[in-house]
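Visitor: Encoded as structure tokens, here's the structure I'll be asking about.
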Amino acid sequence: MIKLNYRNADAKVVGNDNGLDIQGEFTAYQDKISEIIKNLNQCKDKPNQWLQWMNLGYNEETLWYVKEYAAMIKGRFENVLVLGIGGSALGGMAMTEALLKPYWNLLSEEQRDGMPRIFFLDNIDPDTMTGLLDFLDLSKTLVNVITKSGSTAETMSQFMIVKDRLEKELGDNYRYNIVATTDKRTGILRQIAEQEGYKTFVVPDDVGGRFSVFSAVGLLPMALVGIDIDAVVNGIKDMDLALKNTDIKENIAAQNALIHYLMDTKKGKNMSVMMPYSSRLKYVSDWYVQLWAESLGKNKDNEGNDVHVGPTPIKALGATDQHSQIQLYNEGPNNKIINFIRVENFDNILEIPNIFEYTGINYLAGKTINRLMNAEADSTRVALADYERPTVTISIPKVDAYNLGQLLYMFEVQTAIAGALYNINTFNQPGVEQAKNYTYALMGRAGYEESANMLQERMITV
Ligand code: PA5
């Protein structure tokens with residue numbers, strides 16, 4: 001199982017001003033944490049609680065349909081192109097980047113075991129879009145368009161461009177190159193999919209975008225490129241079982257949620273850095289940043305009081321960012337808690353050869369890159385402790401489907417518990433919706449005329 005080491009967030013290591021009496025706080029918050037965990041588990045089946053993500057690991061039906069479709073189309077496409085943004089893209093990106101062989105899209109078909117390449121068009125930069133579309137042979141590409149609302153401007157504009165090109169190239173058969181993942185009943189994409197006869201998958205009710213990675217939103221892209229989604233689901237289930245434990249001393253999601261909450265509210269650490277020492281986990285940080293930011297950044301508490309809470313998440317990559325951000329983290333404002341992710345066993349062992357015998361770099365010879373990577377994580381952790389900067393370390397045995405299922409699910413539960421501690425609505429995103437609505441207005445969507453007029457005036461002064 002994944003482990004959490006919080007020693008370096010304790011006052012005994014980083015001093016009273018910057019660290020917590022962790023065991024004391026665990027005891028003080030035990031009843032509160034127990035109530036939160038019970039509440040999450042009791043409410044997860046109720047409608048409108050937005051807790052259906054807690055059931056995704058047990059959704060045998062979706063698992064079956066996804067695997068059946070992936071098996072049916074196996075060998076038919078050279079590429080998968082995912083269209084989506086935010087929660088509709090980040091989970092799939094994090095999981096595929098972590099679990100596929102590195103540089104997957106550059107490998108030959110044989111090296112990919114006959115599986116397709118995968119591309120995520122998660123932004124609307126006209127240059128990168130044009131570049132990708134010029135490169136892809138759309139006739140050999142399966143397009144998975146993902147949007148829960150069915151109307152997000154970025155995703156739908158991408159889709160309109162791609163669909164138009166597909167149709168021009170393939171005529172009526174273009175529809176067999178499209179699979180849509182969207183709401184079961186509502187939304188423009190659902191309507192289009194039904195009219196045009198696309199294969200569809202469902203974003204379940206009461207699952208928000210940033211909590212949707214283990215629905216068809218993430219599982220389908222994973223399955224299409226051959227990732228073992230049964231193993232992912234086993235990881236989720238085992239972690240779910242572990243996190244049902246209401247004893248905070250045994251529940252790593254509750255521990256990390258409480259530590260982050262108290263670091264923010266008692267010690268002024270209102271930034272949370274996610275720093276995996278593994279390039280394969282780079283996009284896990286992107287995914288975490290969205291999860292933490294959209295879930296916890298809120299202006300009202302559950303009673304409607306103005307609170308403006310939310311720790312700012314920051315992504316970093318070890319060892320790369322030791323040469324970029326760590327100077328700031330060591331010596332700049334002491335306002336952060338840093339999460340290291342440490343991989344215990346990499347898939348490969350890479351030895352450094354003894355080729356410069358009489359030079360000052362010879363100490364590296366005969367050691368492994370693996371040892372160097374983890375030595376860098378350890379030395380940075382100790383250096384940060386010397387500067388009284390709190391850190392926690394999450395250790396994962398290896399980067400595989402089972403452990404990634406565990407890791408991402410653990411972060412989801414951690415976020416839900418943190419939101420309950422802040423006493424805010426973890427599962428809404430009015431700030432995102434406002435920006436979306438302003439975009440609709442500026443682009444002339446019907447029904448948004450009033451906002452459009454207001455925005456035209458505001459844009460002169462703002
Ligand atoms: O987490 C969220 O709710 C958002 O980030 C959405 O995922 C994002 O805005 C995309 O929305 P949709 O899936 O409706 O296109």
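Identifiers in this document derive from the order of the structure tokens: chains are assigned A, B, ..., residues are numbered from 1 separately in each chain, and ligands are numbered from 1 in order of occurrence.
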DSSP on the backbone, alpha helix (DSSP H) only: what residues of segment 150-366 of chain A does that give? Format it as an MDAnalysis selection string.
Guide: chainID A and resid 153:170 188:196 216:224 229:243 252:267 282:296 326:331
Visitor: Please check which protein, DNA or RNA residues sit within 6 Å of ligand 1, counting only C-alpha atoms and all ligand atoms, and write them as JSON, numbers by chain.
Guide: {"A": [85, 86, 87, 88, 147, 148, 149, 150, 152, 208, 209, 210]}
Visitor: So, counting only C-alpha atoms, which residue among A:Thr320, A:Ser151, A:Asn48, A:Gln30 is closest to Gly187 of chain A?
Guide: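 Answer, going by the shortest atom-to-atom distance: A:Ser151.
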Visitor: Show me, as a PyMOL selection string, the residues that have an atom within 9 Å of segment 290-301 of chain A when counting only C-alpha atoms, minus same-chain residues fewer than 4 positions from it.
Guide: chain A and resi 86-87+90+210-211+272+285-286+305-313+411-412+415-416+418-419+422-432
Visitor: What would the file look like if the residues just selected were written as a short mmCIF file (atom, residue, chain, number, x, y, z; two decimals), in the first residue's frame with N, CA and C atoms?
Guide:
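And here is the file that came out, selection.cif:
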data_model
loop_
_atom_site.label_atom_id
_atom_site.label_comp_id
_atom_site.auth_asym_id
_atom_site.auth_seq_id
_atom_site.Cartn_x
_atom_site.Cartn_y
_atom_site.Cartn_z
N GLY A 86 -9.84 20.47 -18.56
CA GLY A 86 -10.04 20.40 -17.10
C GLY A 86 -10.25 18.96 -16.66
N GLY A 87 -11.30 18.75 -15.88
CA GLY A 87 -11.57 17.41 -15.36
C GLY A 87 -11.86 16.39 -16.45
N LEU A 90 -7.60 15.96 -17.61
CA LEU A 90 -6.41 15.83 -16.76
C LEU A 90 -6.21 14.43 -16.17
N ARG A 210 -13.57 17.02 -11.96
CA ARG A 210 -12.26 16.74 -11.35
C ARG A 210 -12.27 15.45 -10.54
N PHE A 211 -13.46 14.87 -10.32
CA PHE A 211 -13.55 13.59 -9.60
C PHE A 211 -13.94 12.46 -10.57
N SER A 272 0.37 24.53 -1.22
CA SER A 272 0.65 23.09 -1.15
C SER A 272 1.36 22.69 -2.44
N SER A 285 0.60 15.72 -10.87
CA SER A 285 0.62 17.04 -10.21
C SER A 285 -0.38 17.98 -10.86
N ASP A 286 -0.46 17.97 -12.18
CA ASP A 286 -1.44 18.83 -12.86
C ASP A 286 -2.86 18.47 -12.41
N ASN A 305 -21.33 32.20 5.06
CA ASN A 305 -20.44 33.30 5.48
C ASN A 305 -19.32 33.49 4.46
N ASP A 306 -18.86 34.74 4.32
CA ASP A 306 -17.70 35.00 3.46
C ASP A 306 -16.45 34.44 4.12
N VAL A 307 -15.75 33.57 3.42
CA VAL A 307 -14.53 33.00 4.05
C VAL A 307 -13.29 33.12 3.15
N HIS A 308 -13.46 33.03 1.85
CA HIS A 308 -12.34 33.12 0.90
C HIS A 308 -11.19 32.22 1.32
N VAL A 309 -11.47 30.91 1.36
CA VAL A 309 -10.43 29.97 1.79
C VAL A 309 -9.84 29.24 0.58
N GLY A 310 -8.80 28.48 0.86
CA GLY A 310 -8.24 27.59 -0.14
C GLY A 310 -6.74 27.74 -0.25
N PRO A 311 -6.01 26.65 0.05
CA PRO A 311 -4.57 26.69 -0.13
C PRO A 311 -4.24 26.65 -1.62
N THR A 312 -3.23 27.37 -2.03
CA THR A 312 -2.86 27.40 -3.45
C THR A 312 -1.98 26.19 -3.78
N PRO A 313 -2.43 25.34 -4.71
CA PRO A 313 -1.58 24.20 -5.09
C PRO A 313 -0.54 24.59 -6.14
N PHE A 411 -5.98 10.80 -3.06
CA PHE A 411 -6.04 12.27 -3.14
C PHE A 411 -7.49 12.77 -3.20
N GLU A 412 -8.36 12.01 -3.86
CA GLU A 412 -9.77 12.43 -3.92
C GLU A 412 -10.39 12.45 -2.52
N THR A 415 -9.06 15.24 -0.43
CA THR A 415 -9.67 16.53 -0.80
C THR A 415 -11.06 16.66 -0.18
N ALA A 416 -11.83 15.57 -0.22
CA ALA A 416 -13.18 15.62 0.35
C ALA A 416 -13.10 15.88 1.86
N ALA A 418 -10.60 17.37 3.47
CA ALA A 418 -10.12 18.75 3.68
C ALA A 418 -11.28 19.74 3.49
N GLY A 419 -12.10 19.51 2.47
CA GLY A 419 -13.24 20.40 2.23
C GLY A 419 -14.20 20.42 3.42
N TYR A 422 -12.68 22.53 6.12
CA TYR A 422 -12.86 23.96 5.83
C TYR A 422 -14.33 24.37 5.91
N ASN A 423 -15.22 23.37 5.99
CA ASN A 423 -16.66 23.63 6.05
C ASN A 423 -17.15 24.37 4.79
N ILE A 424 -16.68 23.90 3.64
CA ILE A 424 -17.10 24.52 2.38
C ILE A 424 -17.72 23.45 1.47
N ASN A 425 -18.32 23.89 0.37
CA ASN A 425 -18.83 22.94 -0.63
C ASN A 425 -17.66 22.54 -1.53
N THR A 426 -17.18 21.32 -1.34
CA THR A 426 -16.00 20.83 -2.07
C THR A 426 -16.32 20.57 -3.54
N PHE A 427 -17.59 20.37 -3.84
CA PHE A 427 -17.91 19.79 -5.15
C PHE A 427 -18.52 20.74 -6.17
N ASN A 428 -18.66 22.02 -5.79
CA ASN A 428 -19.14 22.95 -6.82
C ASN A 428 -17.96 23.77 -7.38
N GLN A 429 -18.21 24.58 -8.39
CA GLN A 429 -17.14 25.40 -8.99
C GLN A 429 -17.73 26.66 -9.61
N PRO A 430 -18.40 27.49 -8.77
CA PRO A 430 -19.04 28.68 -9.36
C PRO A 430 -18.06 29.61 -10.06
N GLY A 431 -16.82 29.62 -9.58
CA GLY A 431 -15.82 30.49 -10.22
C GLY A 431 -15.51 30.05 -11.64
N VAL A 432 -15.50 28.73 -11.86
CA VAL A 432 -15.25 28.21 -13.21
C VAL A 432 -16.45 28.52 -14.10
#
Visitor: Counting only C-alpha atoms, which residue out of A:Ser279, A:Asn123, A:Asn339, A:Asn302 sits closest to Ile314 of chain A?
Guide: A:Asn339
